[in-house]
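Colleague: Structure incoming, see below.
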Amino acid sequence: MADYKALEDLVVQVRRDILRQVHKVNSGHPGGSLGCTEFFVALYNELMERNESFTMDGIGEDLFFLSNGHISPVFYSVLARAGYFPVEELNTFRLLNSRLQGHPTTHEGLPGIRIASGSLGQGISVSIGAALAKKLNRDKHIIYTLCGDGELQEGQNWEAIMYAAGNNVDNLIVTVDLNGQQIDGSTNNVLPMGNVKAKFEAFGWEVMDIEKGNDLKAIVTGMQKAKEKTGNGKPVCVLLHTVMGNGVDFMMHTHDWHGKAPNDQQLETALSQNPVTLGDY
Amino acid sequence: MKKYTDTGKKDTRSGFGDGLTELGRKNKDVVALCADLTGSLKMDEFKENHPERFFQIGIAEANMIGIAAGLTIGGKIPFTGTFANFSTGRVYDQIRQSVAYSGKNVKICASHAGITLGEDGATHQILEDIGLMKMLPGMTVINTCDYNQTKAATIAIADYEGPVYLRFGRPKVANFTPADQNFQIGKALQLQEGTDVTIIATGHLVWEALQAAETLNQNGITADVINIHTIKPLDDEAILKSVKKTGCVVTAEEHNFLGGLGESVARVLSTNHPAPQEFIATQDTFGESGTPEQLMDKYGLNASAIVNAVKKVIARK
Ligand SMILES: Cc1ncc(C[n+]2csc(CCOP(=O)(O)OP(=O)(O)O)c2C)c(N)n1
Ligand SMILES: [Mg+2]
């Protein structure tokens, strides 16, 4: 049984990390990061089977790929707090010579990162490749992927979605951050996506919803169910219904904070809504 | 002069296919991906021998590049196969981010490169791919000249760790390099020794360069003929050594003069040893339908064009 108190404390601390990272360099993407904080915390601390030390090949462990690379602040914070690199390094986010580039990359050798992302739409393909490698290696572990909902507008996703179902890539769980927002506005305004669930199902995927995508218990139980659905011939899609900017009242339910950092005043307000738990870096 | 004989016309893509077949037997980590062009890329035998290591991706090249990148995570050595146009321009951002910037060990194998693709015309005849690929940091770019060299290169790149673009073609052309050659990435091959001019050629133009050198020799002009199969990393040393001796150079390639081998050579010369240079290449144009020979003739990519360029460049010394 998960220690939800500990996970909740971590969620609050990760929110602080996200806000402080983007505030310091006055750039980066807090909205999507905050919306996916509970998911990342649950994934890395409750759901994935991970090896102690990082190797690129990740043989014998579950792997995670972030397709929507712009939400790097949450990824970096959760990786650091899971022990992949020192939390103090979060201080270097987006600075010259940092391993914590604006978008995640393998190029600077940051442990925990296995592919560069940032140009949207490529992560599901990469994840399929990694899933196929697991099968060739007779490695029973799972590939987890996160992508944005707006990101699904990129055509390459649908090539990948068709391929995965057509080739029974069933050791793959793709989670869609269904926050209904993207840069220019709501997904409905920018390019209505219709029924995403029906689309995945029509392509032959096993699809499930996690309606409370910012609730740790709902995420843990939902993702455990998703895991049970792997190995049955179909790739699995989880539609994670999240609120962009979750945990900071003035950032919620809007696309405004997709890629904008808070000013000093706003940071103070945001942090006061999320008091220190584990300690700031 | 050294004598080179055509042991029988063969397509370079078959060199790739046969190299891949051999790799399949030798290296269990080699996997192959194709986007609905298995026959054209001569990948059928690999597919038959190793169905579990062959991935038919369908007509979805972006997805193919991404899957190839993912397969390296877990130790596989993926070889992707499609036409040069769909191997590069179609998927530039995928190669850039998921392969080159991510430093993945993917071998992008591209057939039907250049104008000798023939009748299908300009939509399929990419003349910009060398430029696109050589501009990517960390990408190795190889353009082979005949069947034997293509086969040897295919086998050699599996042992090299890092992204590679391997470019070859459709038509049957002279097969004149040794069947048992030891292919060394980045190492230029000196095919003829001369003192009046250096001819640096890649791909299908290497055979033409040899023909040109023979004609020139009959006219009392001796040429260094250098086969550059690896455009990046370029063998600067071999180029400089030769041009310091001859004092001028003609570069020859089945590619646009912008972004190709010629420009790479010009950079080496201008920064080390400036010398007159003439470019045998397409002149910033698209291709068109026709037979390979007709097209090479119309676009000035053959032995006689090289001979004329040599006369011109020697006059500029
Ligand atoms: C190929 C590509 N096109 C455009 C962009 C610019 N861009 C970055 S994030 C984004 C919106 C993504 O929307 P979504 O996936 O819903 O993420 P969210 O805004 O919810 O975090 C865009 C258009 C990009 N990074 N990559
Ligand atoms: Mg969104």
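How things are named: the first chain in the structure tokens is A, the next is B, and so on; residues count from 1 in each chain; ligands count from 1 in the order shown.
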Enumerate, in order of chain and increasing residue number, the residues of chain A with an atom no farther than 12 Å from ligand 2, each with its shortest atom pair and distance in Å to one decimal, counting only C-alpha atoms and all ligand atoms, as a Markdown table.
Modeller:
| residue | atom | partner | partner_atom_place_in_ligand_line | distance |
| --- | --- | --- | --- | --- |
| A:His29 | CA | ligand 2 | 1 (Mg) | 11.7 |
| A:Gly31 | CA | ligand 2 | 1 (Mg) | 9.2 |
| A:Gly32 | CA | ligand 2 | 1 (Mg) | 7.0 |
| A:Ser33 | CA | ligand 2 | 1 (Mg) | 10.5 |
| A:Leu34 | CA | ligand 2 | 1 (Mg) | 11.9 |
| A:Gly35 | CA | ligand 2 | 1 (Mg) | 9.4 |
| A:Cys36 | CA | ligand 2 | 1 (Mg) | 10.5 |
| A:Asn68 | CA | ligand 2 | 1 (Mg) | 9.3 |
| A:His70 | CA | ligand 2 | 1 (Mg) | 11.1 |
| A:Ile71 | CA | ligand 2 | 1 (Mg) | 10.7 |
| A:Leu120 | CA | ligand 2 | 1 (Mg) | 11.8 |
| A:Leu146 | CA | ligand 2 | 1 (Mg) | 11.4 |
| A:Cys147 | CA | ligand 2 | 1 (Mg) | 8.8 |
| A:Gly148 | CA | ligand 2 | 1 (Mg) | 5.0 |
| A:Asp149 | CA | ligand 2 | 1 (Mg) | 4.6 |
| A:Gly150 | CA | ligand 2 | 1 (Mg) | 4.9 |
| A:Glu151 | CA | ligand 2 | 1 (Mg) | 7.3 |
| A:Leu152 | CA | ligand 2 | 1 (Mg) | 9.2 |
| A:Gln153 | CA | ligand 2 | 1 (Mg) | 10.6 |
| A:Val176 | CA | ligand 2 | 1 (Mg) | 8.8 |
| A:Asp177 | CA | ligand 2 | 1 (Mg) | 6.3 |
| A:Leu178 | CA | ligand 2 | 1 (Mg) | 6.0 |
| A:Asn179 | CA | ligand 2 | 1 (Mg) | 4.8 |
| A:Gly180 | CA | ligand 2 | 1 (Mg) | 5.2 |
| A:Gln181 | CA | ligand 2 | 1 (Mg) | 4.1 |
| A:Gln182 | CA | ligand 2 | 1 (Mg) | 4.6 |
| A:Ile183 | CA | ligand 2 | 1 (Mg) | 8.1 |
| A:Asp184 | CA | ligand 2 | 1 (Mg) | 10.5 |
| A:Gly185 | CA | ligand 2 | 1 (Mg) | 9.4 |
| A:Ser186 | CA | ligand 2 | 1 (Mg) | 7.9 |
| A:Thr187 | CA | ligand 2 | 1 (Mg) | 7.0 |
| A:Asn188 | CA | ligand 2 | 1 (Mg) | 10.6 |
| A:Val190 | CA | ligand 2 | 1 (Mg) | 10.9 |
| A:Leu191 | CA | ligand 2 | 1 (Mg) | 11.6 |
| A:Met193 | CA | ligand 2 | 1 (Mg) | 11.2 |
| A:Leu239 | CA | ligand 2 | 1 (Mg) | 11.8 |
| A:Leu240 | CA | ligand 2 | 1 (Mg) | 10.8 |
| A:His241 | CA | ligand 2 | 1 (Mg) | 10.2 |
| A:Thr242 | CA | ligand 2 | 1 (Mg) | 9.1 |
| A:Val243 | CA | ligand 2 | 1 (Mg) | 9.3 |
| A:Met244 | CA | ligand 2 | 1 (Mg) | 7.6 |
| A:Gly245 | CA | ligand 2 | 1 (Mg) | 10.9 |
| A:His253 | CA | ligand 2 | 1 (Mg) | 11.0 |
| A:Thr254 | CA | ligand 2 | 1 (Mg) | 10.2 |
| A:His255 | CA | ligand 2 | 1 (Mg) | 8.3 |
| A:Asp256 | CA | ligand 2 | 1 (Mg) | 11.7 |
| A:Trp257 | CA | ligand 2 | 1 (Mg) | 11.4 |
| A:His258 | CA | ligand 2 | 1 (Mg) | 8.5 |
| A:Gly259 | CA | ligand 2 | 1 (Mg) | 11.6 |
Colleague: Extract the full set of helix (DSSP H, G or I) residues from segment 122-244 of chain A according to DSSP on the backbone, and format it as a PyMOL selection string.
Modeller: chain A and resi 123-136+150-153+155-166+187-190+196-202+216-228
Colleague: Could you dump the residues just selected with C-alpha atoms as a compact mmCIF listing (two decimals), in the first residue's frame?
Modeller:
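Generated file (selection06.txt):
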# COMPACT_ATOMS: atom_id res chain seq x y z
CA GLY A 123 7.96 10.26 -28.26
CA ILE A 124 5.47 7.52 -29.06
CA SER A 125 7.60 6.32 -31.99
CA VAL A 126 10.71 6.23 -29.83
CA SER A 127 8.80 4.40 -27.11
CA ILE A 128 7.63 1.79 -29.59
CA GLY A 129 11.25 1.20 -30.60
CA ALA A 130 12.26 0.78 -26.98
CA ALA A 131 9.30 -1.56 -26.43
CA LEU A 132 10.33 -3.67 -29.44
CA ALA A 133 13.90 -3.82 -28.10
CA LYS A 134 12.50 -5.09 -24.77
CA LYS A 135 10.66 -7.83 -26.60
CA LEU A 136 13.77 -8.83 -28.57
CA GLY A 150 -2.29 19.32 -28.14
CA GLU A 151 0.75 17.31 -29.13
CA LEU A 152 -1.55 14.67 -30.61
CA GLN A 153 -2.22 17.10 -33.44
CA GLY A 155 0.71 13.47 -37.59
CA GLN A 156 3.63 11.28 -36.56
CA ASN A 157 1.69 10.26 -33.46
CA TRP A 158 -0.97 8.64 -35.58
CA GLU A 159 1.61 6.76 -37.62
CA ALA A 160 2.92 5.43 -34.33
CA ILE A 161 -0.53 4.74 -32.89
CA MET A 162 -1.43 2.72 -35.99
CA TYR A 163 1.86 0.83 -35.88
CA ALA A 164 1.67 -0.10 -32.19
CA ALA A 165 -1.80 -1.61 -32.48
CA GLY A 166 -1.08 -3.31 -35.82
CA THR A 187 -7.50 22.48 -27.71
CA ASN A 188 -11.14 22.99 -28.72
CA ASN A 189 -10.35 26.44 -30.01
CA VAL A 190 -7.03 25.68 -31.65
CA VAL A 196 -9.72 11.13 -28.33
CA LYS A 197 -10.80 7.91 -26.65
CA ALA A 198 -12.79 6.78 -29.68
CA LYS A 199 -9.85 7.63 -31.91
CA PHE A 200 -7.40 5.47 -29.94
CA GLU A 201 -9.98 2.69 -29.75
CA ALA A 202 -10.62 2.88 -33.47
CA LEU A 216 -2.55 10.46 -6.34
CA LYS A 217 -4.78 7.55 -5.34
CA ALA A 218 -6.73 7.72 -8.57
CA ILE A 219 -3.48 7.78 -10.53
CA VAL A 220 -1.89 4.89 -8.66
CA THR A 221 -4.96 2.66 -8.90
CA GLY A 222 -5.64 3.70 -12.48
CA MET A 223 -2.09 3.10 -13.65
CA GLN A 224 -1.98 -0.25 -11.83
CA LYS A 225 -5.05 -1.25 -13.81
CA ALA A 226 -3.34 -0.04 -16.96
CA LYS A 227 -0.35 -2.21 -16.12
CA GLU A 228 -2.65 -5.23 -15.74
Colleague: If you run DSSP over the backbone, which residues in segment 86-159 of chain A end up strand (DSSP E or B)? Put them as a count of residues only.
Modeller: 6
Colleague: Which of these, B:Lys42, B:Lys9, B:Lys3, B:Arg96, has the shortest distance to chain A once you count only C-alpha atoms?
Modeller: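 Smallest distance to chain A is found for B:Arg96.
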Colleague: Tell me which protein, DNA and RNA residues are within 10 Å of Ala80 of chain A, counting only C-alpha atoms, leaving out same-chain ones fewer than 6 positions away, and put them as a count of residues only.
Modeller: 9
Colleague: I'd like the contact shell of Ala153 of chain B - 9 Å cut-off, only C-alpha atoms, skipping same-chain residues fewer than 3 positions apart - returned as a PDB file with C-alpha atoms, in the first residue's frame.
Modeller:
ATOM      1  CA  GLY B  15      25.437  -4.134 -52.329  1.00  0.00           C
ATOM      2  CA  PHE B  16      23.475  -2.768 -49.414  1.00  0.00           C
ATOM      3  CA  GLY B  19      25.763  -6.491 -46.907  1.00  0.00           C
ATOM      4  CA  ILE B 142      28.887   8.056 -46.711  1.00  0.00           C
ATOM      5  CA  THR B 144      29.471   4.714 -52.055  1.00  0.00           C
ATOM      6  CA  ASN B 148      31.399  -3.935 -53.717  1.00  0.00           C
ATOM      7  CA  GLN B 149      32.044  -0.692 -51.872  1.00  0.00           C
ATOM      8  CA  THR B 150      28.425  -0.405 -50.791  1.00  0.00           C
ATOM      9  CA  ALA B 156      31.573  -1.647 -41.694  1.00  0.00           C
ATOM     10  CA  ILE B 157      29.067   0.844 -40.296  1.00  0.00           C
ATOM     11  CA  ALA B 158      27.573  -1.777 -37.994  1.00  0.00           C
ATOM     12  CA  LEU B 166      24.628   5.742 -46.076  1.00  0.00           C
ATOM     13  CA  ASN B 182      38.523  -3.276 -46.059  1.00  0.00           C
ATOM     14  CA  PHE B 183      36.175  -0.297 -45.795  1.00  0.00           C
ATOM     15  CA  GLN B 184      37.524   2.416 -43.518  1.00  0.00           C
ATOM     16  CA  ILE B 185      35.110   5.205 -42.614  1.00  0.00           C
TER      17      ILE B 185
END
Colleague: Write down, as a ChimeraX atom specification, each residue of chain B that has any atom within 12 Å of an atom of chain A, counting only C-alpha atoms.
Modeller: /B:28-33,35,50-78,90-104,106,137-138
Colleague: Now that the selection is made, can you save its residues with N, CA and C atoms as a short mmCIF file (atom, residue, chain, number, x, y, z; two decimals), in the first residue's frame?
Modeller:
data_model
loop_
_atom_site.label_atom_id
_atom_site.label_comp_id
_atom_site.auth_asym_id
_atom_site.auth_seq_id
_atom_site.Cartn_x
_atom_site.Cartn_y
_atom_site.Cartn_z
N LYS B 28 23.80 -10.43 -34.19
CA LYS B 28 22.40 -10.63 -33.80
C LYS B 28 21.74 -9.33 -33.32
N ASP B 29 22.53 -8.30 -33.08
CA ASP B 29 21.95 -7.03 -32.65
C ASP B 29 21.46 -6.17 -33.82
N VAL B 30 21.86 -6.54 -35.02
CA VAL B 30 21.42 -5.77 -36.19
C VAL B 30 19.94 -6.04 -36.45
N VAL B 31 19.17 -4.96 -36.55
CA VAL B 31 17.75 -5.06 -36.91
C VAL B 31 17.52 -4.15 -38.11
N ALA B 32 16.48 -4.43 -38.87
CA ALA B 32 16.22 -3.64 -40.07
C ALA B 32 14.78 -3.16 -40.09
N LEU B 33 14.61 -1.93 -40.57
CA LEU B 33 13.28 -1.34 -40.66
C LEU B 33 13.07 -0.84 -42.09
N ALA B 35 10.05 1.07 -44.88
CA ALA B 35 8.77 1.76 -45.03
C ALA B 35 8.15 1.43 -46.39
N HIS B 50 15.52 -13.36 -40.99
CA HIS B 50 15.34 -12.91 -39.59
C HIS B 50 14.02 -12.17 -39.42
N PRO B 51 12.90 -12.85 -39.59
CA PRO B 51 11.61 -12.14 -39.50
C PRO B 51 11.44 -11.40 -38.18
N GLU B 52 12.01 -11.94 -37.10
CA GLU B 52 11.83 -11.30 -35.79
C GLU B 52 12.67 -10.03 -35.67
N ARG B 53 13.65 -9.86 -36.54
CA ARG B 53 14.49 -8.67 -36.49
C ARG B 53 14.21 -7.70 -37.63
N PHE B 54 13.14 -7.98 -38.36
CA PHE B 54 12.77 -7.08 -39.46
C PHE B 54 11.44 -6.41 -39.12
N PHE B 55 11.39 -5.09 -39.26
CA PHE B 55 10.18 -4.36 -38.92
C PHE B 55 9.63 -3.63 -40.15
N GLN B 56 8.49 -4.10 -40.61
CA GLN B 56 7.79 -3.43 -41.70
C GLN B 56 6.97 -2.30 -41.07
N ILE B 57 7.38 -1.08 -41.31
CA ILE B 57 6.78 0.06 -40.62
C ILE B 57 5.56 0.59 -41.37
N GLY B 58 5.46 0.27 -42.66
CA GLY B 58 4.42 0.91 -43.46
C GLY B 58 4.91 2.26 -43.96
N ILE B 59 4.05 2.97 -44.65
CA ILE B 59 4.46 4.24 -45.28
C ILE B 59 4.40 5.34 -44.23
N ALA B 60 5.37 5.31 -43.35
CA ALA B 60 5.36 6.20 -42.20
C ALA B 60 6.81 6.42 -41.78
N GLU B 61 7.50 7.23 -42.56
CA GLU B 61 8.95 7.36 -42.38
C GLU B 61 9.32 8.05 -41.07
N ALA B 62 8.52 9.03 -40.66
CA ALA B 62 8.80 9.71 -39.40
C ALA B 62 8.77 8.71 -38.25
N ASN B 63 7.74 7.88 -38.27
CA ASN B 63 7.62 6.85 -37.24
C ASN B 63 8.79 5.88 -37.31
N MET B 64 9.22 5.56 -38.53
CA MET B 64 10.34 4.62 -38.68
C MET B 64 11.61 5.17 -38.02
N ILE B 65 11.90 6.43 -38.22
CA ILE B 65 13.11 7.00 -37.62
C ILE B 65 12.99 6.99 -36.09
N GLY B 66 11.82 7.34 -35.59
CA GLY B 66 11.62 7.33 -34.13
C GLY B 66 11.76 5.93 -33.55
N ILE B 67 11.16 4.95 -34.20
CA ILE B 67 11.26 3.57 -33.71
C ILE B 67 12.71 3.11 -33.75
N ALA B 68 13.42 3.47 -34.82
CA ALA B 68 14.84 3.10 -34.90
C ALA B 68 15.61 3.69 -33.72
N ALA B 69 15.35 4.95 -33.42
CA ALA B 69 16.03 5.58 -32.28
C ALA B 69 15.73 4.82 -31.00
N GLY B 70 14.46 4.45 -30.82
CA GLY B 70 14.06 3.71 -29.62
C GLY B 70 14.72 2.34 -29.54
N LEU B 71 14.88 1.68 -30.67
CA LEU B 71 15.48 0.34 -30.67
C LEU B 71 16.93 0.35 -30.21
N THR B 72 17.61 1.49 -30.38
CA THR B 72 19.00 1.54 -29.90
C THR B 72 19.05 1.48 -28.38
N ILE B 73 17.94 1.89 -27.75
CA ILE B 73 17.88 1.85 -26.29
C ILE B 73 17.48 0.42 -25.92
N GLY B 74 18.45 -0.37 -25.58
CA GLY B 74 18.26 -1.81 -25.45
C GLY B 74 19.29 -2.52 -26.31
N GLY B 75 20.14 -1.72 -26.96
CA GLY B 75 21.34 -2.28 -27.58
C GLY B 75 21.22 -2.74 -29.01
N LYS B 76 20.11 -2.45 -29.67
CA LYS B 76 19.99 -2.88 -31.06
C LYS B 76 20.72 -1.90 -32.00
N ILE B 77 21.07 -2.40 -33.18
CA ILE B 77 21.71 -1.57 -34.21
C ILE B 77 20.76 -1.52 -35.40
N PRO B 78 19.90 -0.49 -35.42
CA PRO B 78 18.88 -0.44 -36.48
C PRO B 78 19.39 0.14 -37.79
N ARG B 90 12.10 14.29 -45.75
CA ARG B 90 10.80 13.95 -45.17
C ARG B 90 10.88 13.87 -43.64
N VAL B 91 12.02 13.51 -43.12
CA VAL B 91 12.13 13.19 -41.70
C VAL B 91 13.27 13.96 -41.03
N TYR B 92 13.53 15.15 -41.54
CA TYR B 92 14.72 15.86 -41.05
C TYR B 92 14.66 16.13 -39.55
N ASP B 93 13.53 16.60 -39.10
CA ASP B 93 13.43 16.93 -37.67
C ASP B 93 13.50 15.68 -36.79
N GLN B 94 12.93 14.59 -37.29
CA GLN B 94 13.01 13.33 -36.52
C GLN B 94 14.46 12.88 -36.41
N ILE B 95 15.20 12.96 -37.52
CA ILE B 95 16.62 12.57 -37.46
C ILE B 95 17.38 13.54 -36.56
N ARG B 96 17.05 14.80 -36.71
CA ARG B 96 17.79 15.82 -35.95
C ARG B 96 17.66 15.61 -34.44
N GLN B 97 16.42 15.46 -33.99
CA GLN B 97 16.20 15.37 -32.54
C GLN B 97 16.38 13.96 -31.97
N SER B 98 15.70 12.99 -32.60
CA SER B 98 15.66 11.65 -31.99
C SER B 98 16.92 10.84 -32.30
N VAL B 99 17.65 11.19 -33.36
CA VAL B 99 18.84 10.42 -33.72
C VAL B 99 20.13 11.22 -33.47
N ALA B 100 20.28 12.34 -34.18
CA ALA B 100 21.57 13.05 -34.12
C ALA B 100 21.79 13.70 -32.75
N TYR B 101 20.86 14.55 -32.34
CA TYR B 101 21.02 15.24 -31.05
C TYR B 101 21.00 14.24 -29.89
N SER B 102 20.20 13.20 -30.05
CA SER B 102 20.15 12.18 -28.99
C SER B 102 21.32 11.21 -29.07
N GLY B 103 22.15 11.34 -30.10
CA GLY B 103 23.35 10.49 -30.22
C GLY B 103 23.04 9.01 -30.37
N LYS B 104 22.04 8.68 -31.16
CA LYS B 104 21.63 7.28 -31.27
C LYS B 104 22.31 6.56 -32.44
N VAL B 106 21.87 4.86 -35.04
CA VAL B 106 20.97 4.48 -36.14
C VAL B 106 21.70 4.61 -37.47
N PRO B 137 25.28 17.89 -36.62
CA PRO B 137 26.44 17.56 -35.78
C PRO B 137 26.46 16.07 -35.43
N GLY B 138 27.61 15.47 -35.59
CA GLY B 138 27.77 14.07 -35.19
C GLY B 138 27.36 13.06 -36.24
#
Colleague: Counting only C-alpha atoms, which of B:Glu293, B:Ala275, B:Gly300, B:Ala212 gets nearest to Val313 of chain B?
Modeller: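 Closest residue, counting only C-alpha atoms: B:Ala275.
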Colleague: Find, counting only C-alpha atoms, the residue in A:Asp170, A:Glu38, A:Glu154, A:Asp249 that gets nearest to Leu267 of chain A.
Modeller: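 Closest residue, counting only C-alpha atoms: A:Asp249.
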Colleague: Find the spatial neighbours of His204 of chain B, counting only C-alpha atoms, within a cut-off of 9 Å - ignore same-chain residues fewer than 5 positions away - and output them as a PDB file with C-alpha atoms, in the first residue's frame.
Modeller:
ATOM      1  CA  THR B 116      19.965   8.390 -61.629  1.00  0.00           C
ATOM      2  CA  ASN B 143      28.198   7.910 -50.460  1.00  0.00           C
ATOM      3  CA  THR B 144      29.471   4.714 -52.055  1.00  0.00           C
ATOM      4  CA  CYS B 145      30.519   4.243 -55.673  1.00  0.00           C
ATOM      5  CA  ASP B 146      29.771   0.646 -56.626  1.00  0.00           C
ATOM      6  CA  PHE B 168      23.500   4.701 -52.639  1.00  0.00           C
ATOM      7  CA  GLY B 169      21.519   4.370 -55.841  1.00  0.00           C
ATOM      8  CA  VAL B 173      26.715   0.698 -62.720  1.00  0.00           C
ATOM      9  CA  ALA B 174      30.292  -0.510 -63.146  1.00  0.00           C
ATOM     10  CA  GLU B 253      29.170  14.317 -57.348  1.00  0.00           C
ATOM     11  CA  GLU B 254      25.569  13.499 -58.129  1.00  0.00           C
TER      12      GLU B 254
END
Colleague: May I ask which of the residues B:Val141, B:Val249, B:Ala213, B:Met296 is the closest one to Leu191 of chain B, counting only C-alpha atoms?
Modeller: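 For Leu191 of chain B, the nearest of the candidates is B:Ala213.
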Colleague: For a quick check of understanding, using only C-alpha atoms, which of A:Leu96, A:Ala261, A:Met252, A:Val236 has the smallest distance to Val22 of chain A?
Modeller: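 Of the candidates, the smallest distance to Val22 of chain A is held by A:Ala261.
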Colleague: Give me, as a ChimeraX atom specification, all polymer residues having an atom no more than 10 Å from Ser27 of chain A, counting only C-alpha atoms and skipping those fewer than 4 positions away in the same chain.
Modeller: /A:21-23,93-94,102,259-262
Colleague: Okay, now the selection with N, CA and C atoms, as a PDB file, in the first residue's frame?
Modeller:
ATOM      1  N   GLN A  21      12.333  26.910 -10.279  1.00  0.00           N
ATOM      2  CA  GLN A  21      13.172  26.761 -11.478  1.00  0.00           C
ATOM      3  C   GLN A  21      12.800  27.798 -12.536  1.00  0.00           C
ATOM      4  N   VAL A  22      11.515  27.871 -12.867  1.00  0.00           N
ATOM      5  CA  VAL A  22      11.123  28.756 -13.980  1.00  0.00           C
ATOM      6  C   VAL A  22      11.227  30.227 -13.569  1.00  0.00           C
ATOM      7  N   HIS A  23      10.965  30.508 -12.286  1.00  0.00           N
ATOM      8  CA  HIS A  23      11.066  31.890 -11.819  1.00  0.00           C
ATOM      9  C   HIS A  23      12.498  32.396 -11.955  1.00  0.00           C
ATOM     10  N   PHE A  93      18.887  25.037 -13.976  1.00  0.00           N
ATOM     11  CA  PHE A  93      17.891  24.902 -15.050  1.00  0.00           C
ATOM     12  C   PHE A  93      17.998  26.047 -16.056  1.00  0.00           C
ATOM     13  N   ARG A  94      18.191  25.686 -17.302  1.00  0.00           N
ATOM     14  CA  ARG A  94      18.235  26.647 -18.429  1.00  0.00           C
ATOM     15  C   ARG A  94      19.425  27.616 -18.384  1.00  0.00           C
ATOM     16  N   GLY A 102      16.769  23.556 -21.596  1.00  0.00           N
ATOM     17  CA  GLY A 102      15.365  23.962 -21.666  1.00  0.00           C
ATOM     18  C   GLY A 102      14.441  22.791 -21.935  1.00  0.00           C
ATOM     19  N   GLY A 259       3.676  28.596 -20.901  1.00  0.00           N
ATOM     20  CA  GLY A 259       5.121  28.843 -21.039  1.00  0.00           C
ATOM     21  C   GLY A 259       5.524  30.191 -20.499  1.00  0.00           C
ATOM     22  N   LYS A 260       5.005  30.521 -19.324  1.00  0.00           N
ATOM     23  CA  LYS A 260       5.308  31.833 -18.732  1.00  0.00           C
ATOM     24  C   LYS A 260       5.705  31.644 -17.278  1.00  0.00           C
ATOM     25  N   ALA A 261       6.742  32.348 -16.862  1.00  0.00           N
ATOM     26  CA  ALA A 261       7.201  32.219 -15.477  1.00  0.00           C
ATOM     27  C   ALA A 261       6.519  33.264 -14.601  1.00  0.00           C
ATOM     28  N   PRO A 262       6.310  32.948 -13.311  1.00  0.00           N
ATOM     29  CA  PRO A 262       5.749  33.934 -12.387  1.00  0.00           C
ATOM     30  C   PRO A 262       6.781  35.015 -12.057  1.00  0.00           C
TER      31      PRO A 262
END
